[in-house]
$ cat upload.pdb   # PDB, C-alpha atoms
ATOM      1  CA  LEU Y  11      20.450 -25.574 -20.576  1.00  0.00           C
ATOM      2  CA  CYS Y  12      20.784 -23.524 -23.747  1.00  0.00           C
ATOM      3  CA  ALA Y  13      23.039 -24.819 -26.467  1.00  0.00           C
ATOM      4  CA  PRO Y  14      26.361 -23.085 -25.747  1.00  0.00           C
ATOM      5  CA  ASP Y  15      28.871 -21.943 -28.345  1.00  0.00           C
ATOM      6  CA  ARG Y  16      32.466 -20.715 -28.291  1.00  0.00           C
ATOM      7  CA  ARG Y  17      31.395 -17.121 -27.724  1.00  0.00           C
ATOM      8  CA  SER Y  18      29.880 -18.118 -24.394  1.00  0.00           C
ATOM      9  CA  MET Y  19      33.264 -19.292 -23.094  1.00  0.00           C
ATOM     10  CA  THR Y  20      34.711 -16.645 -20.807  1.00  0.00           C
ATOM     11  CA  SER Y  21      37.982 -15.849 -19.073  1.00  0.00           C
ATOM     12  CA  GLY Y  22      37.399 -12.488 -17.380  1.00  0.00           C
ATOM     13  CA  SER Y  23      39.705  -9.510 -17.710  1.00  0.00           C
ATOM     14  CA  SER Y  24      43.418  -9.902 -17.016  1.00  0.00           C
ATOM     15  CA  ILE Y  25      43.939  -6.258 -16.099  1.00  0.00           C
ATOM     16  CA  SER Y  26      40.970  -6.004 -13.744  1.00  0.00           C
ATOM     17  CA  TRP Y  27      41.957  -9.302 -12.112  1.00  0.00           C
ATOM     18  CA  LEU Y  28      45.546  -8.154 -11.708  1.00  0.00           C
ATOM     19  CA  SER Y  29      44.435  -4.735 -10.517  1.00  0.00           C
ATOM     20  CA  THR Y  30      42.256  -6.235  -7.803  1.00  0.00           C
ATOM     21  CA  LYS Y  31      44.971  -8.663  -6.722  1.00  0.00           C
ATOM     22  CA  LEU Y  32      47.844  -6.207  -6.861  1.00  0.00           C
ATOM     23  CA  SER Y  33      46.097  -3.078  -5.522  1.00  0.00           C
ATOM     24  CA  LYS Y  34      46.747  -4.313  -2.004  1.00  0.00           C
ATOM     25  CA  GLN Y  35      50.425  -4.699  -2.854  1.00  0.00           C
ATOM     26  CA  LEU Y  36      50.496  -1.164  -4.284  1.00  0.00           C
ATOM     27  CA  SER Y  37      49.125   0.117  -0.987  1.00  0.00           C
ATOM     28  CA  LYS Y  38      51.690  -1.907   0.952  1.00  0.00           C
ATOM     29  CA  MET Y  39      54.555  -0.677  -1.198  1.00  0.00           C
ATOM     30  CA  GLY Y  40      53.445   2.935  -0.969  1.00  0.00           C
ATOM     31  CA  ALA Y  41      53.279   5.669  -3.535  1.00  0.00           C
ATOM     32  CA  LEU Y  42      54.031   5.322  -7.219  1.00  0.00           C
ATOM     33  CA  LYS Y  43      57.605   6.644  -6.838  1.00  0.00           C
ATOM     34  CA  GLN Y  44      58.425   3.832  -4.429  1.00  0.00           C
ATOM     35  CA  VAL Y  45      56.949   1.265  -6.813  1.00  0.00           C
ATOM     36  CA  GLN Y  46      58.939   2.770  -9.695  1.00  0.00           C
ATOM     37  CA  ALA Y  47      62.124   2.630  -7.604  1.00  0.00           C
ATOM     38  CA  ALA Y  48      61.495  -1.013  -6.669  1.00  0.00           C
ATOM     39  CA  ALA Y  49      60.741  -1.880 -10.316  1.00  0.00           C
ATOM     40  CA  ALA Y  50      63.962  -0.194 -11.425  1.00  0.00           C
ATOM     41  CA  LYS Y  51      65.837  -2.420  -8.947  1.00  0.00           C
ATOM     42  CA  GLY Y  52      64.293  -5.547 -10.471  1.00  0.00           C
ATOM     43  CA  ASP Y  53      61.427  -6.280  -8.065  1.00  0.00           C
ATOM     44  CA  THR Y  54      59.093  -8.353 -10.245  1.00  0.00           C
ATOM     45  CA  LYS Y  55      55.977  -7.505  -8.233  1.00  0.00           C
ATOM     46  CA  ALA Y  56      56.747  -3.815  -8.660  1.00  0.00           C
ATOM     47  CA  MET Y  57      57.379  -4.325 -12.383  1.00  0.00           C
ATOM     48  CA  THR Y  58      54.011  -6.046 -12.709  1.00  0.00           C
ATOM     49  CA  LEU Y  59      52.373  -3.220 -10.771  1.00  0.00           C
ATOM     50  CA  MET Y  60      53.916  -0.732 -13.189  1.00  0.00           C
ATOM     51  CA  GLY Y  61      52.324  -2.702 -16.017  1.00  0.00           C
ATOM     52  CA  VAL Y  62      48.968  -2.530 -14.255  1.00  0.00           C
ATOM     53  CA  CYS Y  63      49.390   1.209 -13.625  1.00  0.00           C
ATOM     54  CA  TYR Y  64      50.125   1.907 -17.285  1.00  0.00           C
ATOM     55  CA  GLY Y  65      47.474  -0.555 -18.499  1.00  0.00           C
ATOM     56  CA  MET Y  66      44.771   1.139 -16.423  1.00  0.00           C
ATOM     57  CA  GLY Y  67      46.077   4.688 -16.316  1.00  0.00           C
ATOM     58  CA  ARG Y  68      46.455   4.503 -12.545  1.00  0.00           C
ATOM     59  CA  ASP Y  69      48.606   7.408 -11.288  1.00  0.00           C
ATOM     60  CA  VAL Y  70      50.187   7.628 -14.779  1.00  0.00           C
ATOM     61  CA  GLU Y  71      48.908   8.350 -18.276  1.00  0.00           C
ATOM     62  CA  LYS Y  72      47.418   5.174 -19.754  1.00  0.00           C
ATOM     63  CA  ASP Y  73      49.939   3.610 -22.122  1.00  0.00           C
ATOM     64  CA  ASP Y  74      49.441   0.020 -23.289  1.00  0.00           C
ATOM     65  CA  VAL Y  75      52.887  -0.140 -24.908  1.00  0.00           C
ATOM     66  CA  LYS Y  76      54.619   0.740 -21.623  1.00  0.00           C
ATOM     67  CA  ALA Y  77      52.304  -1.677 -19.801  1.00  0.00           C
ATOM     68  CA  ALA Y  78      53.303  -4.488 -22.178  1.00  0.00           C
ATOM     69  CA  GLU Y  79      56.984  -3.651 -21.726  1.00  0.00           C
ATOM     70  CA  TRP Y  80      56.683  -3.874 -17.932  1.00  0.00           C
ATOM     71  CA  PHE Y  81      54.666  -7.105 -18.111  1.00  0.00           C
ATOM     72  CA  LYS Y  82      57.293  -8.665 -20.413  1.00  0.00           C
ATOM     73  CA  LYS Y  83      60.194  -7.612 -18.151  1.00  0.00           C
ATOM     74  CA  ALA Y  84      58.469  -9.055 -15.097  1.00  0.00           C
ATOM     75  CA  ALA Y  85      57.336 -12.186 -16.945  1.00  0.00           C
ATOM     76  CA  ASP Y  86      60.832 -12.852 -18.282  1.00  0.00           C
ATOM     77  CA  ALA Y  87      62.082 -12.480 -14.690  1.00  0.00           C
ATOM     78  CA  GLY Y  88      59.606 -15.186 -13.599  1.00  0.00           C
ATOM     79  CA  ASN Y  89      56.613 -13.295 -12.167  1.00  0.00           C
ATOM     80  CA  ALA Y  90      53.525 -15.513 -12.599  1.00  0.00           C
ATOM     81  CA  GLU Y  91      50.964 -12.686 -12.738  1.00  0.00           C
ATOM     82  CA  ALA Y  92      53.043 -10.876 -15.361  1.00  0.00           C
ATOM     83  CA  CYS Y  93      53.183 -14.109 -17.393  1.00  0.00           C
ATOM     84  CA  LEU Y  94      49.384 -14.189 -17.289  1.00  0.00           C
ATOM     85  CA  ALA Y  95      49.054 -10.563 -18.389  1.00  0.00           C
ATOM     86  CA  TYR Y  96      51.705 -10.754 -21.097  1.00  0.00           C
ATOM     87  CA  GLY Y  97      50.332 -14.066 -22.348  1.00  0.00           C
ATOM     88  CA  ILE Y  98      46.830 -12.663 -22.712  1.00  0.00           C
ATOM     89  CA  TRP Y  99      48.122  -9.518 -24.393  1.00  0.00           C
ATOM     90  CA  ALA Y 100      50.150 -11.637 -26.858  1.00  0.00           C
ATOM     91  CA  LEU Y 101      46.996 -13.650 -27.627  1.00  0.00           C
ATOM     92  CA  GLU Y 102      45.097 -10.412 -28.289  1.00  0.00           C
ATOM     93  CA  GLY Y 103      47.902  -8.391 -29.905  1.00  0.00           C
ATOM     94  CA  ARG Y 104      47.678  -5.552 -27.361  1.00  0.00           C
ATOM     95  CA  GLY Y 105      50.197  -2.977 -26.276  1.00  0.00           C
ATOM     96  CA  GLY Y 106      52.198  -3.006 -29.500  1.00  0.00           C
ATOM     97  CA  ILE Y 107      52.739  -6.762 -29.260  1.00  0.00           C
ATOM     98  CA  VAL Y 108      52.289  -8.556 -32.563  1.00  0.00           C
ATOM     99  CA  ARG Y 109      49.396 -11.002 -32.076  1.00  0.00           C
ATOM    100  CA  SER Y 110      50.952 -14.404 -31.449  1.00  0.00           C
ATOM    101  CA  PRO Y 111      48.872 -17.229 -29.982  1.00  0.00           C
ATOM    102  CA  THR Y 112      51.951 -19.456 -29.668  1.00  0.00           C
ATOM    103  CA  GLU Y 113      53.830 -16.742 -27.745  1.00  0.00           C
ATOM    104  CA  GLY Y 114      50.765 -16.157 -25.573  1.00  0.00           C
ATOM    105  CA  VAL Y 115      50.436 -19.855 -24.779  1.00  0.00           C
ATOM    106  CA  LYS Y 116      54.139 -20.041 -23.862  1.00  0.00           C
ATOM    107  CA  TYR Y 117      53.709 -17.358 -21.183  1.00  0.00           C
ATOM    108  CA  LEU Y 118      50.323 -18.663 -20.035  1.00  0.00           C
ATOM    109  CA  GLU Y 119      51.797 -22.126 -19.518  1.00  0.00           C
ATOM    110  CA  VAL Y 120      54.450 -20.623 -17.232  1.00  0.00           C
ATOM    111  CA  ALA Y 121      51.712 -18.887 -15.214  1.00  0.00           C
ATOM    112  CA  GLU Y 122      49.637 -22.075 -15.159  1.00  0.00           C
ATOM    113  CA  GLY Y 123      52.633 -24.047 -13.945  1.00  0.00           C
ATOM    114  CA  LYS Y 124      52.979 -21.582 -11.074  1.00  0.00           C
ATOM    115  CA  GLY Y 125      49.355 -22.145 -10.051  1.00  0.00           C
ATOM    116  CA  VAL Y 126      47.627 -19.066 -11.524  1.00  0.00           C
ATOM    117  CA  THR Y 127      44.087 -20.365 -11.950  1.00  0.00           C
ATOM    118  CA  GLN Y 128      43.048 -17.677 -14.438  1.00  0.00           C
ATOM    119  CA  ALA Y 129      45.912 -18.835 -16.694  1.00  0.00           C
ATOM    120  CA  GLN Y 130      44.418 -22.333 -16.568  1.00  0.00           C
ATOM    121  CA  THR Y 131      41.057 -20.917 -17.631  1.00  0.00           C
ATOM    122  CA  VAL Y 132      42.480 -18.860 -20.501  1.00  0.00           C
ATOM    123  CA  LEU Y 133      44.609 -21.787 -21.705  1.00  0.00           C
ATOM    124  CA  GLY Y 134      41.530 -23.997 -21.572  1.00  0.00           C
ATOM    125  CA  ILE Y 135      39.722 -21.599 -23.896  1.00  0.00           C
ATOM    126  CA  VAL Y 136      42.671 -21.470 -26.291  1.00  0.00           C
ATOM    127  CA  TYR Y 137      43.000 -25.259 -26.418  1.00  0.00           C
ATOM    128  CA  MET Y 138      39.269 -25.754 -26.751  1.00  0.00           C
ATOM    129  CA  SER Y 139      38.994 -23.435 -29.743  1.00  0.00           C
ATOM    130  CA  GLY Y 140      42.446 -23.741 -31.295  1.00  0.00           C
ATOM    131  CA  ASP Y 141      44.177 -20.744 -32.852  1.00  0.00           C
ATOM    132  CA  GLU Y 142      46.990 -19.926 -35.257  1.00  0.00           C
ATOM    133  CA  GLY Y 143      49.748 -22.392 -34.364  1.00  0.00           C
ATOM    134  CA  VAL Y 144      47.831 -23.820 -31.388  1.00  0.00           C
ATOM    135  CA  VAL Y 145      46.193 -27.185 -32.033  1.00  0.00           C
ATOM    136  CA  ARG Y 146      42.683 -27.739 -30.680  1.00  0.00           C
ATOM    137  CA  ASP Y 147      42.823 -30.170 -27.763  1.00  0.00           C
ATOM    138  CA  ASN Y 148      39.553 -30.699 -25.874  1.00  0.00           C
ATOM    139  CA  ASP Y 149      41.143 -33.203 -23.488  1.00  0.00           C
ATOM    140  CA  LYS Y 150      43.739 -30.636 -22.383  1.00  0.00           C
ATOM    141  CA  ALA Y 151      41.068 -27.910 -22.185  1.00  0.00           C
ATOM    142  CA  LEU Y 152      38.868 -30.084 -19.982  1.00  0.00           C
ATOM    143  CA  LYS Y 153      41.770 -30.855 -17.619  1.00  0.00           C
ATOM    144  CA  LEU Y 154      42.668 -27.162 -17.334  1.00  0.00           C
ATOM    145  CA  PHE Y 155      39.056 -26.101 -16.710  1.00  0.00           C
ATOM    146  CA  THR Y 156      38.668 -28.871 -14.114  1.00  0.00           C
ATOM    147  CA  LYS Y 157      41.813 -27.821 -12.268  1.00  0.00           C
ATOM    148  CA  ALA Y 158      40.806 -24.151 -12.240  1.00  0.00           C
ATOM    149  CA  ALA Y 159      37.155 -24.857 -11.348  1.00  0.00           C
ATOM    150  CA  GLU Y 160      38.177 -27.062  -8.432  1.00  0.00           C
ATOM    151  CA  ALA Y 161      40.428 -24.196  -7.261  1.00  0.00           C
ATOM    152  CA  GLY Y 162      37.387 -21.885  -7.267  1.00  0.00           C
ATOM    153  CA  ASP Y 163      37.682 -20.008 -10.581  1.00  0.00           C
ATOM    154  CA  VAL Y 164      34.063 -19.234 -11.469  1.00  0.00           C
ATOM    155  CA  GLN Y 165      34.754 -18.660 -15.177  1.00  0.00           C
ATOM    156  CA  ALA Y 166      36.357 -22.120 -15.330  1.00  0.00           C
ATOM    157  CA  MET Y 167      33.270 -23.569 -13.611  1.00  0.00           C
ATOM    158  CA  HIS Y 168      31.115 -22.114 -16.382  1.00  0.00           C
ATOM    159  CA  ASN Y 169      33.396 -23.360 -19.157  1.00  0.00           C
ATOM    160  CA  LEU Y 170      33.796 -26.824 -17.607  1.00  0.00           C
ATOM    161  CA  GLY Y 171      30.037 -27.132 -17.297  1.00  0.00           C
ATOM    162  CA  LEU Y 172      29.540 -26.277 -20.968  1.00  0.00           C
ATOM    163  CA  MET Y 173      32.169 -28.793 -22.064  1.00  0.00           C
ATOM    164  CA  LEU Y 174      30.547 -31.562 -20.015  1.00  0.00           C
ATOM    165  CA  VAL Y 175      27.101 -30.743 -21.400  1.00  0.00           C
ATOM    166  CA  GLN Y 176      28.511 -30.823 -24.943  1.00  0.00           C
ATOM    167  CA  GLY Y 177      30.590 -33.947 -24.369  1.00  0.00           C
ATOM    168  CA  LYS Y 178      33.847 -32.251 -25.310  1.00  0.00           C
ATOM    169  CA  GLY Y 179      36.885 -33.954 -23.798  1.00  0.00           C
ATOM    170  CA  ALA Y 180      34.646 -36.347 -21.861  1.00  0.00           C
ATOM    171  CA  PRO Y 181      31.376 -38.221 -22.394  1.00  0.00           C
ATOM    172  CA  VAL Y 182      28.244 -36.057 -22.190  1.00  0.00           C
ATOM    173  CA  SER Y 183      27.261 -35.490 -18.577  1.00  0.00           C
ATOM    174  CA  LEU Y 184      24.218 -33.255 -18.283  1.00  0.00           C
ATOM    175  CA  ASN Y 185      24.034 -33.573 -14.491  1.00  0.00           C
ATOM    176  CA  ARG Y 186      27.704 -32.771 -13.802  1.00  0.00           C
ATOM    177  CA  GLY Y 187      27.757 -30.063 -16.458  1.00  0.00           C
ATOM    178  CA  THR Y 188      24.607 -28.414 -15.161  1.00  0.00           C
ATOM    179  CA  ASP Y 189      25.983 -28.572 -11.623  1.00  0.00           C
ATOM    180  CA  TRP Y 190      29.130 -26.655 -12.640  1.00  0.00           C
ATOM    181  CA  VAL Y 191      27.118 -24.080 -14.587  1.00  0.00           C
ATOM    182  CA  ARG Y 192      24.807 -23.678 -11.574  1.00  0.00           C
ATOM    183  CA  ARG Y 193      27.812 -23.110  -9.275  1.00  0.00           C
ATOM    184  CA  ALA Y 194      29.089 -20.411 -11.628  1.00  0.00           C
ATOM    185  CA  ALA Y 195      25.628 -18.829 -11.837  1.00  0.00           C
ATOM    186  CA  THR Y 196      25.361 -18.781  -8.040  1.00  0.00           C
ATOM    187  CA  ALA Y 197      28.748 -17.046  -7.942  1.00  0.00           C
ATOM    188  CA  GLY Y 198      27.413 -14.338 -10.260  1.00  0.00           C
ATOM    189  CA  VAL Y 199      28.581 -15.392 -13.740  1.00  0.00           C
ATOM    190  CA  VAL Y 200      25.952 -13.799 -15.980  1.00  0.00           C
ATOM    191  CA  GLU Y 201      26.590 -16.196 -18.873  1.00  0.00           C
ATOM    192  CA  SER Y 202      25.829 -19.116 -16.539  1.00  0.00           C
ATOM    193  CA  GLN Y 203      22.642 -17.473 -15.289  1.00  0.00           C
ATOM    194  CA  PHE Y 204      21.506 -16.971 -18.875  1.00  0.00           C
ATOM    195  CA  THR Y 205      22.472 -20.535 -19.846  1.00  0.00           C
ATOM    196  CA  LEU Y 206      20.336 -21.949 -17.014  1.00  0.00           C
ATOM    197  CA  HIS Y 207      17.279 -19.826 -17.797  1.00  0.00           C
ATOM    198  CA  CYS Y 208      16.952 -19.626 -21.560  1.00  0.00           C
TER     199      CYS Y 208
END

$ encode --input "upload.pdb" --output "structure tokens"
Amino acid sequence: LCAPDRRSMTSGSSISWLSTKLSKQLSKMGALKQVQAAAAKGDTKAMTLMGVCYGMGRDVEKDDVKAAEWFKKAADAGNAEACLAYGIWALEGRGGIVRSPTEGVKYLEVAEGKGVTQAQTVLGIVYMSGDEGVVRDNDKALKLFTKAAEAGDVQAMHNLGLMLVQGKGAPVSLNRGTDWVRRAATAGVVESQFTLHC
């Protein structure tokens, strides 16, 4: 395996993940006007879909500020996917949100607690690297990556493998680490394929 670094840790894209997951719901709910009406009545799935629509420019003009507003409304009402999206956007400072790693972690932890595996992966990256106001914690990162990898998140498999190879959060385990990286590579994670063949 190549020597990995922080840049090789990956989480995937929150908007594309949400779009894929929620596109089916958009089809079930019908046209944009019906989704808007449901969102206006407080339906958190519809609110999250409105965030996705604005974040991607799907059936509306792309507007990250409106997307962030919808994600926050839905997240504050308890929608797990919206907590993931808003948490990531707070980490990145997108959509008019002032960059705040502590705010991002707060929302990501809600999503993680509701079983959103991508939230576990993103939190693992944040805890592994540390950030403004977020203390580095390799033990917590390893637990989050393990939980997400065992649930099938391929990005978590990659990240868990790298941590095991490096001995971060656990003793060095080249065999277990390489096995997780190989699983991610088999699932199509390009970073894992590169790591195995460089």

$ closest_residue --input "upload.pdb" --among "Y:Lys150, Y:Arg104, Y:Lys124, Y:Lys51" --to "Y:Val136" --atoms "only C-alpha atoms"
Y:Lys150

$ atom_distance --input "upload.pdb" --atom1 "atom CA of Y:Leu152" --atom2 "atom CA of Y:Gly88"
26.3 Å

$ residues_around --input "upload.pdb" --residues "stretch 107-115 of chain Y" --least-positions-apart "6" --cutoff "7 Å" --atoms "only C-alpha atoms" --output "list in words"
Gly97, Ile98, Ala100, Leu101, Leu133, Asp141, Glu142, Gly143 and Val144 of chain Y

$ write_last_selection --input "upload.pdb" --atoms "C-alpha atoms" --output "short mmCIF file (atom, residue, chain, number, x, y, z; two decimals), in the frame of the given file"
data_model
loop_
_atom_site.label_atom_id
_atom_site.label_comp_id
_atom_site.auth_asym_id
_atom_site.auth_seq_id
_atom_site.Cartn_x
_atom_site.Cartn_y
_atom_site.Cartn_z
CA GLY Y 97 50.33 -14.07 -22.35
CA ILE Y 98 46.83 -12.66 -22.71
CA ALA Y 100 50.15 -11.64 -26.86
CA LEU Y 101 47.00 -13.65 -27.63
CA LEU Y 133 44.61 -21.79 -21.70
CA ASP Y 141 44.18 -20.74 -32.85
CA GLU Y 142 46.99 -19.93 -35.26
CA GLY Y 143 49.75 -22.39 -34.36
CA VAL Y 144 47.83 -23.82 -31.39
#

$ atom_distance --input "upload.pdb" --atom1 "atom CA of Y:Ala194" --atom2 "atom CA of Y:Gly140"
24.0 Å

$ residues_around --input "upload.pdb" --residues "Y:Asp73" --least-positions-apart "5" --cutoff "10 Å" --atoms "only C-alpha atoms" --output "ChimeraX atom specification"
/Y:61,63-67,78,105

$ resolve_selection --input "upload.pdb" --expression "the PyMOL selection byres ((chain Y and resi 134) around 10)" --output "number ranges by chain"
Y: 19, 21, 128-133, 135-140, 146-156, 158, 166, 169-170

$ closest_residue --input "upload.pdb" --among "Y:Asn89, Y:Thr188, Y:Thr127, Y:Thr58" --to "Y:Ala77" --atoms "all atoms listed in the file"
Y:Thr58

$ atom_distance --input "upload.pdb" --atom1 "atom CA of Y:Val62" --atom2 "atom CA of Y:Val200"
25.7 Å

$ resolve_selection --input "upload.pdb" --expression "the PyMOL selection byres ((chain Y and resi 172) around 8)" --output "list of chain:residue names"
Y:Pro14, Y:His168, Y:Asn169, Y:Leu170, Y:Gly171, Y:Met173, Y:Leu174, Y:Val175, Y:Gln176, Y:Gly187, Y:Thr188, Y:Val191

$ residues_near_point --input "upload.pdb" --point "(59.3, 7.0, -11.4)" --cutoff "12 Å" --atoms "only C-alpha atoms" --output "PyMOL selection string"
chain Y and resi 41-51+56-57+60+63+69-70

$ closest_residue --input "upload.pdb" --among "Y:Ala84, Y:Gly106, Y:Cys93, Y:His207" --to "Y:Glu119" --atoms "all atoms listed in the file"
Y:Cys93

$ closest_residue --input "upload.pdb" --among "Y:Phe204, Y:Met167, Y:Gly177, Y:Trp99" --to "Y:Asp189" --atoms "all atoms listed in the file"
Y:Met167

$ resolve_selection --input "upload.pdb" --expression "the PyMOL selection byres ((chain Y and resi 91) around 10)" --output "MDAnalysis selection string"
chainID Y and resid 24 27:28 31:32 54:55 58:59 81 84:85 88:90 92:97 118 120:122 124:126 128:129

$ axis_aligned_box --input "upload.pdb" --around "stretch 53-68 of chain Y" --padding-each-side "4 Å" --output "lines of an AutoDock Vina configuration file"
center_x = 53.1
center_y = -1.8
center_z = -13.3
size_x = 24.7
size_y = 21.0
size_z = 18.4
